[in-house]
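Q: Next up, target34.cif (mmCIF, C-alpha atoms).
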```
data_upload
#
loop_
_atom_site.label_atom_id
_atom_site.label_comp_id
_atom_site.auth_asym_id
_atom_site.auth_seq_id
_atom_site.Cartn_x
_atom_site.Cartn_y
_atom_site.Cartn_z
CA MET A 1 0.00 0.00 0.00
CA ARG A 2 2.84 2.36 0.90
CA GLY A 3 4.64 1.62 -2.36
CA LYS A 4 1.48 2.24 -4.38
CA SER A 5 0.89 5.69 -2.93
CA TRP A 6 4.51 6.82 -3.56
CA ASN A 7 4.28 5.50 -7.10
CA ALA A 8 1.15 7.49 -7.91
CA ARG A 9 2.41 10.76 -6.42
CA ASP A 10 5.76 10.74 -8.26
CA GLY A 11 4.16 9.77 -11.51
CA GLN A 12 1.69 12.67 -11.29
CA LEU A 13 4.53 15.13 -10.59
CA ALA A 14 6.40 14.07 -13.71
CA LEU A 15 3.20 14.39 -15.78
CA LEU A 16 2.49 17.81 -14.29
CA ASP A 17 6.00 19.00 -15.16
CA ALA A 18 5.59 17.74 -18.71
CA MET A 19 2.24 19.51 -19.07
CA VAL A 20 3.68 22.77 -17.75
CA PHE A 21 6.56 22.48 -20.23
CA PHE A 22 4.09 21.80 -23.05
CA VAL A 23 1.94 24.82 -22.13
CA ILE A 24 4.99 27.08 -21.98
CA ALA A 25 6.18 25.75 -25.34
CA MET A 26 2.74 26.47 -26.82
CA LEU A 27 2.80 30.01 -25.43
CA VAL A 28 6.24 30.67 -26.87
CA THR A 29 5.11 29.28 -30.22
CA ASN A 30 1.99 31.45 -30.24
CA VAL A 31 3.92 34.60 -29.41
CA CYS A 32 6.51 33.87 -32.11
CA PHE A 33 3.91 33.12 -34.76
CA SER A 34 1.84 36.21 -33.98
CA TYR A 35 4.96 38.41 -34.13
CA LEU A 36 6.15 36.82 -37.37
CA GLY A 37 2.66 37.06 -38.86
CA GLN A 38 2.65 40.81 -38.29
CA SER A 39 6.10 41.42 -39.74
CA SER A 40 6.04 38.99 -42.64
CA THR A 41 4.10 41.23 -45.04
CA SER A 42 6.79 41.91 -47.57
CA GLY A 43 7.31 42.25 -51.28
CA LEU A 44 4.42 43.35 -53.47
CA ASP A 45 1.97 42.58 -50.63
CA ARG A 46 3.45 45.29 -48.41
CA PRO A 47 0.84 47.94 -47.52
CA SER A 48 0.86 50.72 -50.06
CA ILE A 49 1.21 53.50 -47.48
CA GLU A 50 4.79 52.42 -46.77
CA ARG A 51 5.72 52.64 -50.41
CA CYS A 52 4.01 55.89 -51.35
CA ASP A 53 5.64 59.27 -51.16
CA PRO A 54 3.04 62.05 -50.81
CA GLY A 55 5.69 64.70 -51.47
CA MET A 56 6.50 63.20 -54.86
CA ILE A 57 2.79 62.80 -55.70
CA LEU A 58 1.94 66.39 -54.74
CA GLY A 59 4.97 67.75 -56.62
CA VAL A 60 4.16 66.10 -59.95
CA PHE A 61 0.43 66.80 -59.49
CA LEU A 62 0.95 70.55 -59.07
CA GLU A 63 3.37 70.77 -61.98
CA ALA A 64 1.26 68.76 -64.43
CA SER A 65 -1.10 70.24 -66.99
CA LEU A 66 -4.84 70.01 -66.53
CA GLY A 67 -5.12 67.79 -69.61
CA ARG A 68 -8.41 69.13 -70.96
CA SER A 69 -10.13 72.48 -71.27
CA ILE A 70 -12.86 73.46 -68.85
CA VAL A 71 -15.03 76.53 -68.28
CA ILE A 72 -15.68 77.63 -64.68
CA PRO A 73 -19.21 79.12 -64.47
CA SER A 74 -18.21 82.00 -62.24
CA SER A 75 -18.92 85.64 -62.95
CA PRO A 76 -17.07 86.41 -65.13
CA GLU A 77 -16.55 82.93 -66.62
CA VAL A 78 -13.04 81.56 -66.37
CA GLU A 79 -11.81 79.35 -69.21
CA LEU A 80 -8.99 76.99 -68.32
CA ASP A 81 -6.93 75.50 -71.11
CA GLY A 82 -5.70 71.91 -71.13
CA LYS A 83 -2.13 73.18 -71.06
CA ASP A 84 -2.67 75.22 -67.88
CA GLN A 85 -0.82 73.86 -64.91
CA VAL A 86 -2.75 72.33 -62.03
CA SER A 87 -1.09 74.72 -59.56
CA ASP A 88 -2.44 77.75 -61.48
CA CYS A 89 -5.96 76.29 -61.66
CA LEU A 90 -5.81 75.42 -57.97
CA LEU A 91 -4.78 78.95 -57.15
CA VAL A 92 -7.74 80.34 -59.09
CA GLU A 93 -10.07 78.07 -57.12
CA ILE A 94 -8.58 78.87 -53.71
CA GLU A 95 -8.64 82.62 -54.32
CA CYS A 96 -12.24 82.47 -55.50
CA ILE A 97 -13.43 80.39 -52.52
CA GLU A 98 -11.56 82.55 -50.04
CA GLY A 99 -13.12 85.59 -51.69
CA GLY A 100 -16.58 84.23 -50.92
CA GLY A 101 -17.24 82.37 -54.17
CA ASP A 102 -19.45 79.29 -54.32
CA PRO A 103 -17.30 76.14 -54.05
CA LEU A 104 -19.88 74.18 -56.07
CA ILE A 105 -18.91 75.93 -59.32
CA PHE A 106 -15.55 74.16 -59.10
CA ALA A 107 -17.08 70.67 -58.82
CA SER A 108 -16.09 69.64 -62.34
CA LEU A 109 -12.55 71.03 -61.88
CA ASN A 110 -12.22 69.13 -58.61
CA GLN A 111 -13.33 65.96 -60.39
CA ILE A 112 -10.43 66.42 -62.80
CA PHE A 113 -8.05 66.95 -59.86
CA LEU A 114 -9.38 63.85 -58.14
CA GLY A 115 -9.00 61.80 -61.31
CA ILE A 116 -5.37 62.88 -61.69
CA LEU A 117 -4.53 62.17 -58.05
CA LEU A 118 -6.23 58.77 -57.98
CA GLY A 119 -4.40 57.88 -61.18
CA ILE A 120 -0.98 58.47 -59.66
CA CYS A 121 -1.63 57.30 -56.07
CA PRO A 122 -1.01 53.66 -55.20
CA PRO A 123 -4.20 51.61 -55.37
CA GLY A 124 -6.39 51.36 -52.28
CA MET A 125 -5.57 54.82 -50.96
CA SER A 126 -7.96 57.56 -49.93
CA LEU A 127 -6.90 61.18 -50.09
CA LEU A 128 -7.71 64.68 -48.93
CA LEU A 129 -6.41 67.93 -50.42
CA VAL A 130 -6.85 71.10 -48.35
CA SER A 131 -5.50 74.62 -48.51
CA TYR A 132 -4.50 76.99 -45.72
CA ARG A 133 -3.80 80.69 -45.92
CA ALA A 134 -0.12 80.68 -44.91
CA ALA A 135 -0.59 83.80 -42.77
CA CYS A 136 -3.07 82.03 -40.47
CA LEU A 137 -2.31 78.31 -40.36
CA THR A 138 -4.49 77.89 -37.31
CA GLY A 139 -7.57 78.98 -39.27
CA GLU A 140 -10.05 76.71 -40.96
CA PRO A 141 -8.60 74.98 -44.02
CA VAL A 142 -10.33 75.27 -47.37
CA PRO A 143 -11.24 71.74 -48.44
CA ILE A 144 -10.55 71.27 -52.14
CA ILE A 145 -10.75 67.56 -52.84
CA SER A 146 -12.10 64.93 -50.50
CA ASP A 147 -12.02 61.40 -51.77
CA PRO A 148 -15.37 59.70 -50.93
CA THR A 149 -13.42 57.02 -49.06
CA TRP A 150 -11.75 59.56 -46.78
CA THR A 151 -12.86 59.46 -43.14
CA THR A 152 -12.69 62.47 -40.91
CA ASP A 153 -11.53 60.46 -37.89
CA GLU A 154 -8.07 61.02 -36.51
CA ARG A 155 -5.91 58.30 -38.01
CA ALA A 156 -2.44 57.19 -37.14
CA ASP A 157 -1.54 55.91 -40.60
CA VAL A 158 -1.95 59.20 -42.48
CA ARG A 159 0.97 60.52 -44.51
CA ALA A 160 1.00 64.11 -45.67
CA ALA A 161 2.98 66.55 -47.78
CA SER A 162 2.63 70.26 -48.35
CA ALA A 163 3.59 72.87 -50.93
CA THR A 164 3.33 76.64 -50.93
CA MET A 165 1.82 78.67 -53.74
CA SER A 166 1.80 82.44 -54.17
CA SER A 167 -0.96 84.37 -55.87
CA SER A 168 -0.62 87.61 -57.81
CA GLU A 169 -1.88 89.49 -54.72
CA GLN A 170 1.11 88.14 -52.78
CA HIS A 171 -1.11 85.82 -50.75
CA VAL A 172 0.77 82.66 -49.85
CA HIS A 173 -1.26 79.46 -49.67
CA LEU A 174 -0.20 76.17 -48.20
CA VAL A 175 -1.63 73.15 -50.01
CA VAL A 176 -1.63 69.93 -47.99
CA LEU A 177 -2.15 66.46 -49.43
CA LYS A 178 -3.07 63.70 -46.97
CA LEU A 179 -3.00 60.04 -47.92
CA ALA A 180 -4.20 57.04 -45.95
CA PRO A 181 -5.04 53.46 -46.85
CA ALA A 182 -8.78 53.07 -47.42
CA THR A 183 -10.27 50.59 -45.02
CA LEU A 184 -12.50 47.80 -46.24
CA PRO A 185 -15.85 49.24 -44.95
CA GLU A 186 -15.09 52.54 -46.72
CA LEU A 187 -14.43 50.75 -50.01
CA ILE A 188 -17.62 48.70 -49.63
CA ASP A 189 -19.63 51.90 -49.08
CA ILE A 190 -18.36 53.19 -52.42
CA MET B 191 7.06 -9.97 -6.61
CA ARG B 192 8.70 -6.71 -5.54
CA ILE B 193 6.95 -3.52 -4.48
CA ASP B 194 7.93 -0.48 -6.56
CA ASP B 195 8.48 2.10 -3.84
CA ARG B 196 10.56 4.59 -5.90
CA GLY B 197 7.85 5.87 -8.13
CA VAL B 198 9.09 4.14 -11.26
CA GLY B 199 5.96 3.11 -13.06
CA GLY B 200 7.38 1.59 -16.19
CA PHE B 201 7.02 2.48 -19.86
CA PHE B 202 3.24 2.85 -20.09
CA GLU B 203 3.06 5.19 -17.11
CA ASP B 204 5.75 7.43 -18.63
CA LEU B 205 4.09 7.48 -22.04
CA PRO B 206 1.85 10.57 -21.43
CA VAL B 207 4.87 12.40 -20.04
CA MET B 208 6.90 11.53 -23.10
CA ILE B 209 4.08 12.64 -25.44
CA PHE B 210 3.81 16.04 -23.77
CA VAL B 211 7.57 16.54 -23.80
CA LEU B 212 7.90 15.48 -27.44
CA ALA B 213 4.99 17.73 -28.49
CA GLY B 214 6.52 20.70 -26.68
CA VAL B 215 9.98 20.13 -28.11
CA SER B 216 8.66 19.63 -31.65
CA SER B 217 6.58 22.82 -31.48
CA LEU B 218 9.64 24.77 -30.33
CA ILE B 219 11.77 23.30 -33.13
CA THR B 220 9.08 24.06 -35.72
CA THR B 221 8.82 27.66 -34.49
CA GLY B 222 12.59 28.07 -34.62
CA VAL B 223 12.85 26.76 -38.17
CA TYR B 224 9.93 28.91 -39.34
CA ALA B 225 11.33 32.01 -37.64
CA SER B 226 14.78 31.57 -39.19
CA GLU B 227 13.23 31.11 -42.64
CA GLU B 228 11.11 34.22 -42.18
CA ILE B 229 14.13 36.25 -41.07
CA SER B 230 16.18 35.13 -44.06
CA ARG B 231 13.25 35.90 -46.37
CA ALA B 232 12.89 39.38 -44.85
CA ARG B 233 16.61 40.00 -45.38
CA GLU B 234 16.27 38.84 -48.98
CA SER B 235 13.28 41.18 -49.51
CA GLU B 236 15.21 44.09 -48.06
CA GLU B 237 18.10 43.43 -50.41
CA LEU B 238 15.71 43.13 -53.36
CA SER B 239 14.03 46.37 -52.38
CA PHE B 240 17.39 48.11 -52.30
CA VAL B 241 18.24 46.80 -55.79
CA ALA B 242 14.82 47.84 -57.18
CA VAL B 243 15.13 51.35 -55.75
CA ARG B 244 18.67 51.66 -57.09
CA MET B 245 17.52 50.59 -60.56
CA VAL B 246 14.59 53.02 -60.69
CA ASP B 247 16.76 55.83 -59.30
CA GLY B 248 19.28 55.04 -62.03
CA LEU B 249 16.58 55.07 -64.70
CA VAL B 250 15.04 58.46 -63.84
CA PRO B 251 18.14 60.64 -64.56
CA HIS B 252 18.32 59.12 -68.05
CA CYS B 253 14.83 60.49 -68.72
CA ARG B 254 16.11 64.05 -68.32
CA PRO B 255 17.98 65.70 -71.18
CA VAL B 256 21.62 66.61 -70.55
CA ASP B 257 20.78 70.33 -70.38
CA GLY B 258 18.66 69.71 -67.29
CA ALA B 259 15.40 70.76 -68.96
CA MET B 260 12.10 68.97 -68.39
CA PRO B 261 12.02 65.46 -69.89
CA THR B 262 10.12 64.98 -73.12
CA LEU B 263 8.06 61.95 -74.10
CA GLY B 264 10.05 61.65 -77.32
CA HIS B 265 13.30 61.37 -75.38
CA ILE B 266 11.83 58.79 -72.97
CA ARG B 267 10.53 56.65 -75.85
CA GLN B 268 14.08 56.28 -77.15
CA LEU B 269 15.55 55.04 -73.85
CA ASN B 270 16.94 51.54 -73.59
CA ALA B 271 15.66 50.52 -70.17
CA SER B 272 17.18 47.03 -70.44
CA ASP B 273 20.73 48.37 -70.68
CA ILE B 274 20.28 51.07 -68.03
CA CYS B 275 18.75 48.77 -65.42
CA GLY B 276 20.89 45.78 -66.43
CA SER B 277 24.04 47.58 -65.31
CA LEU B 278 22.50 48.13 -61.85
CA ALA B 279 20.73 44.79 -61.42
CA SER B 280 23.49 43.02 -59.43
CA GLY B 281 22.49 39.69 -60.93
CA ARG B 282 18.80 40.08 -60.14
CA HIS B 283 16.03 39.59 -62.66
CA PHE B 284 13.94 42.64 -63.46
CA ILE B 285 11.28 44.23 -65.62
CA ALA B 286 11.37 48.01 -66.08
CA ALA B 287 8.67 50.15 -67.66
CA ILE B 288 8.01 53.85 -68.10
CA VAL B 289 4.32 54.63 -68.44
CA MET B 290 2.45 57.89 -69.00
CA ARG B 291 -0.29 58.14 -66.33
CA HIS B 292 -1.82 61.54 -67.13
CA PRO B 293 -3.55 62.83 -69.28
CA GLY B 294 -3.71 59.44 -71.01
CA TYR B 295 -2.23 56.03 -70.51
CA GLU B 296 0.63 54.96 -72.74
CA LEU B 297 3.54 52.58 -72.41
CA LEU B 298 6.55 54.70 -73.38
CA CYS B 299 9.44 52.35 -72.84
CA GLN B 300 10.11 48.95 -71.33
CA GLY B 301 12.95 46.53 -70.78
CA SER B 302 13.91 43.38 -68.95
CA ASP B 303 16.85 41.06 -68.47
CA SER B 304 15.40 38.64 -71.06
CA VAL B 305 14.97 35.92 -68.46
CA ARG B 306 11.56 34.29 -68.30
CA GLY B 307 10.56 32.40 -65.23
CA PRO B 308 8.53 32.51 -62.05
CA ALA B 309 8.92 35.61 -59.90
CA CYS B 310 8.82 34.19 -56.37
CA ASP B 311 9.36 37.23 -54.17
CA ALA B 312 9.16 40.33 -56.32
CA ILE B 313 9.67 43.91 -55.16
CA ALA B 314 8.51 46.99 -57.06
CA ALA B 315 9.89 50.51 -56.88
CA THR B 316 8.33 53.50 -58.62
CA ARG B 317 9.15 57.14 -59.27
CA LEU B 318 6.89 59.82 -60.72
CA LEU B 319 8.06 62.67 -62.89
CA ASN B 320 6.68 65.29 -65.24
CA ALA B 321 7.41 65.21 -68.96
CA LEU B 322 6.45 67.43 -71.87
CA ASP B 323 4.53 65.94 -74.76
CA GLU B 324 4.65 67.10 -78.39
CA ASN B 325 1.77 69.58 -77.84
CA GLY B 326 3.32 71.33 -74.86
CA VAL B 327 1.16 69.54 -72.29
CA ILE B 328 2.99 68.61 -69.08
CA THR B 329 2.24 64.94 -68.48
CA ILE B 330 2.81 62.68 -65.48
CA VAL B 331 5.07 59.72 -66.15
CA GLU B 332 5.75 56.76 -63.86
CA ALA B 333 9.01 54.79 -63.95
CA ARG B 334 8.53 51.36 -62.40
CA VAL B 335 10.97 48.53 -61.82
CA VAL B 336 9.99 45.08 -60.56
CA ALA B 337 12.94 43.01 -59.34
CA TRP B 338 13.09 39.39 -58.20
#
```
Go ahead and express the file in the form of C-alpha cells.

A:
Amino acid sequence: MRGKSWNARDGQLALLDAMVFFVIAMLVTNVCFSYLGQSSTSGLDRPSIERCDPGMILGVFLEASLGRSIVIPSSPEVELDGKDQVSDCLLVEIECIEGGGDPLIFASLNQIFLGILLGICPPGMSLLLVSYRAACLTGEPVPIISDPTWTTDERADVRAASATMSSSEQHVHLVVLKLAPATLPELIDI
Amino acid sequence: MRIDDRGVGGFFEDLPVMIFVLAGVSSLITTGVYASEEISRARESEELSFVAVRMVDGLVPHCRPVDGAMPTLGHIRQLNASDICGSLASGRHFIAAIVMRHPGYELLCQGSDSVRGPACDAIAATRLLNALDENGVITIVEARVVAW
C-alpha cells in the first residue's frame, strides 16, 4: 500500500512537469507566430502607405497640366486650357473660394483633380487635399478635394505633404495632401 | 514480486509524459525553423528592395535631357531601359517600364533582363516625374521597376 501511494504521487509530478513544459512551449510558439505574422508582409503585398511618397505625388500633381479644357461658371466665366498647370488652376479656385465664391462651381474642376490624383496614387488609398492661408495656419482649411473614401476620424496611418503657392496678390497658400489606406468598410460603401 | 516504492511506473506510465515533452519540443523546433526562414526571407526582400530602388533611381536621370530641362516623351521613348537597369541589377532579374499616367495612358518604354521564369518574391519601386509631350502639355510619367 505504501509503495502504491509513492508511485502514484511521483508519476503525477512528472506528468504535471511535462504539461507545464508543453503549455509554456505552446505560449512561446503562439507569441513567435503572432509576431512573425505581423512582420512577414513583404514584397508586393506590403501595404501601399509604406511605399508611397506624398511629397513626390503632390509635386508632380501641381506641376502637371490640366489635360483638358474646362469653363468655370463663375462671374465672369473663367476658361482653363488643357495646357494650364494644375497649380495655377488650384490657385484660381482657392482665391475664389476665399473671396466668398461658391465652391460648387468648381465641382467639375475638382473631379479632374481627383482623377489625376487617384491615377498616380497607389491603389487602395484615400486622399484629402486642403488649402490653408499661410498667414493664419491655425484657421479653418479650405477643403478642395475629399475622396469619398476619406474618413474624418483622426488616423495614425496618415501621410501628408505640403507645398506653398503664391498668388498675384502676394497671398501665400499652403496646399496639404493627406494620404491614408482606405479601409474595407469605406471601399464597400463606395 | 517486488513492491515499486521509488515511483518508477514503467514504460506505459511514462508514455503521457513523453508525449507532452515530445509535443513541446517539436513545437519549439518548428517555431525556430519557421522564424529563421522568415528572417532570411525578410533579409532577402530588403536586399531586393534596395536593388529595385537603385535601378529606378538610375533610370530616372536618363529620362532628363543633358541640359537639365524637363524630360520629353520623345526622349523617354528612345531610352533603352534594359541596358540602363541591367548595369545596376546586381544579378537580379527585373522588368522596367516607363508609363504615362496623365492625361492618357501609354507605355513609353520597357525593358527586362530577357529571363523568363517565375517571380517568387518580387519587389517593385516607382518614381513619378513630369514630362512634356509634343503639344506642350505637361504629363505625369511613372518609372517602375519590378525586381526578383

Q: Go through chain B and flag each residue having an atom no more than 9 Å from chain A; for those, report the closest pair of atoms plus their distance in Å to one decimal, using all atoms listed in the file, ordered by chain and rising number, as CSV.

A:
```
residue,atom,partner,partner_atom,distance
B:Ile193,CA,A:Gly3,CA,6.0
B:Asp194,CA,A:Gly3,CA,5.7
B:Asp195,CA,A:Gly3,CA,4.1
B:Arg196,CA,A:Asn7,CA,6.5
B:Gly197,CA,A:Asn7,CA,3.7
B:Val198,CA,A:Asn7,CA,6.5
B:Gly199,CA,A:Asn7,CA,6.6
B:Glu203,CA,A:Gly11,CA,7.3
B:Asp204,CA,A:Gly11,CA,7.7
B:Pro206,CA,A:Leu15,CA,7.0
B:Val207,CA,A:Leu15,CA,5.0
B:Met208,CA,A:Ala18,CA,7.7
B:Ile209,CA,A:Ala18,CA,8.6
B:Phe210,CA,A:Ala18,CA,5.6
B:Val211,CA,A:Ala18,CA,5.6
B:Leu212,CA,A:Phe22,CA,8.6
B:Ala213,CA,A:Phe22,CA,6.9
B:Gly214,CA,A:Phe22,CA,4.5
B:Val215,CA,A:Ala25,CA,7.3
B:Ser217,CA,A:Thr29,CA,6.7
B:Leu218,CA,A:Ala25,CA,6.2
B:Thr220,CA,A:Thr29,CA,8.6
B:Thr221,CA,A:Thr29,CA,5.9
B:Gly222,CA,A:Thr29,CA,8.8
B:Tyr224,CA,A:Phe33,CA,8.7
B:Ala225,CA,A:Leu36,CA,7.1
B:Glu228,CA,A:Ser40,CA,7.0
B:Ile229,CA,A:Ser40,CA,8.7
B:Arg231,CA,A:Ser40,CA,8.7
B:Ala232,CA,A:Ser42,CA,7.1
B:Ser235,CA,A:Gly43,CA,6.3
B:Glu236,CA,A:Ser42,CA,8.7
B:Leu238,CA,A:Gly43,CA,8.7
B:Ser239,CA,A:Gly43,CA,8.0
B:Arg291,CA,A:Gly119,CA,6.6
B:His292,CA,A:Ile116,CA,6.6
B:Pro293,CA,A:Gly67,CA,5.2
B:Gly294,CA,A:Gly67,CA,8.6
B:Asp311,CA,A:Gly43,CA,6.1
B:Ala312,CA,A:Gly43,CA,5.7
B:Ile313,CA,A:Gly43,CA,4.8
B:Ala314,CA,A:Leu44,CA,6.5
B:Ala315,CA,A:Arg51,CA,8.0
B:Thr316,CA,A:Arg51,CA,8.7
B:Arg317,CA,A:Met56,CA,7.9
B:Leu318,CA,A:Met56,CA,6.8
B:Leu319,CA,A:Val60,CA,6.0
B:Asn320,CA,A:Val60,CA,5.9
B:Ala321,CA,A:Ala64,CA,8.4
B:Asn325,CA,A:Lys83,CA,8.6
B:Gly326,CA,A:Lys83,CA,6.9
B:Val327,CA,A:Lys83,CA,5.1
B:Ile328,CA,A:Ser65,CA,4.9
B:Thr329,CA,A:Ala64,CA,5.7
B:Ile330,CA,A:Ala64,CA,6.4
B:Val331,CA,A:Val60,CA,8.9
B:Glu332,CA,A:Ile120,CA,8.1
```

Q: For CA of Leu298 (chain B) and CA of Ile70 (chain A), quote the distance in Å rounded to one decimal.

A: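 Between CA of Leu298 (chain B) and CA of Ile70 (chain A) the gap works out to 27.4 Å.
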
Q: What does the distance from CA of Val289 (chain B) to CA of Ala333 (chain B) come to in Å, to one decimal?

A: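 Spanning CA of Val289 (chain B) to CA of Ala333 (chain B) is a straight-line distance of 6.5 Å.
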
Q: So that I can check the surroundings of Ala180 (chain A), please list as a list in words every protein, DNA and RNA residue that reaches within 6 Å of it, counting all atoms listed in the file and ignoring chain neighbours fewer than 5 positions away.

A: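 Contacts, with the query itself left out: Met125, Ser126 and Val158 of chain A.
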
Q: With C-alpha atoms retained, could you export that selection as a PDB file, in the frame of the given file?

A:
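File produced: out.pdb:
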```pdb
ATOM      1  CA  MET A 125      -5.570  54.820 -50.960  1.00  0.00           C
ATOM      2  CA  SER A 126      -7.960  57.560 -49.930  1.00  0.00           C
ATOM      3  CA  VAL A 158      -1.950  59.200 -42.480  1.00  0.00           C
TER       4      VAL A 158
END
```

Q: Running the PyMOL selection byres ((chain B and resi 273) around 12) on this model by hand, what would come out? Give it as a list of chain:residue names.

A: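 Applied to this file, the PyMOL selection byres ((chain B and resi 273) around 12) returns B:Met245, B:Gly248, B:Leu249, B:His252, B:Leu269, B:Asn270, B:Ala271, B:Ser272, B:Ile274, B:Cys275, B:Gly276, B:Ser277, B:Leu278, B:Ala279, B:Phe284, B:Ile285, B:Ala286, B:Gln300, B:Gly301, B:Ser302, B:Asp303, B:Ser304.
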
Q: Would you work out the distance separating CA of Leu322 (chain B) from CA of Leu109 (chain A), expressed in Å to one decimal?

A: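 Straight-line distance from CA of Leu322 (chain B) to CA of Leu109 (chain A) works out to 21.8 Å.
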
Q: Just say which residues the PyMOL selection byres ((chain A and resi 96) around 12) picks in this file, as a list in words.

A: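 On the file shown, the PyMOL selection byres ((chain A and resi 96) around 12) covers Ile72, Pro73, Ser74, Ser75, Pro76, Glu77, Val78, Cys89, Leu90, Leu91, Val92, Glu93, Ile94, Glu95, Ile97, Glu98, Gly99, Gly100, Gly101, Asp102, Pro103, Leu104, Ile105, Phe106, Val142, Ile144 and Ser167 of chain A.
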
Q: Box for region 87-93 of chain A - axis-aligned, 5 Å on each of the six sides, all listed atoms - centre and size in Å to one decimal, as lines of an AutoDock Vina configuration file.

A:
```
center_x = -5.6
center_y = 77.5
center_z = -59.4
size_x = 19.0
size_y = 15.6
size_z = 14.5
```

Q: Kindly resolve the PyMOL selection byres ((chain A and resi 162-165) around 9) on the present coordinates and return the residues as a list in words.

A: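 Output of the PyMOL selection byres ((chain A and resi 162-165) around 9): Pro54, Gly55, Leu58, Gly59, Leu62, Ser87, Asp88, Leu91, Ala134, Ala160, Ala161, Ser166, Ser167, His171, Val172, His173, Leu174, Val175, Val176, Leu177 and Lys178 of chain A.
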
Q: If you count all atoms listed in the file, which residues fall within 9 Å of Cys253 (chain B), apart from same-chain ones fewer than 2 positions away, as JSON, numbers by chain?

A: {"B": [249, 250, 251, 255, 260, 261, 262, 263, 265, 266, 269, 321]}
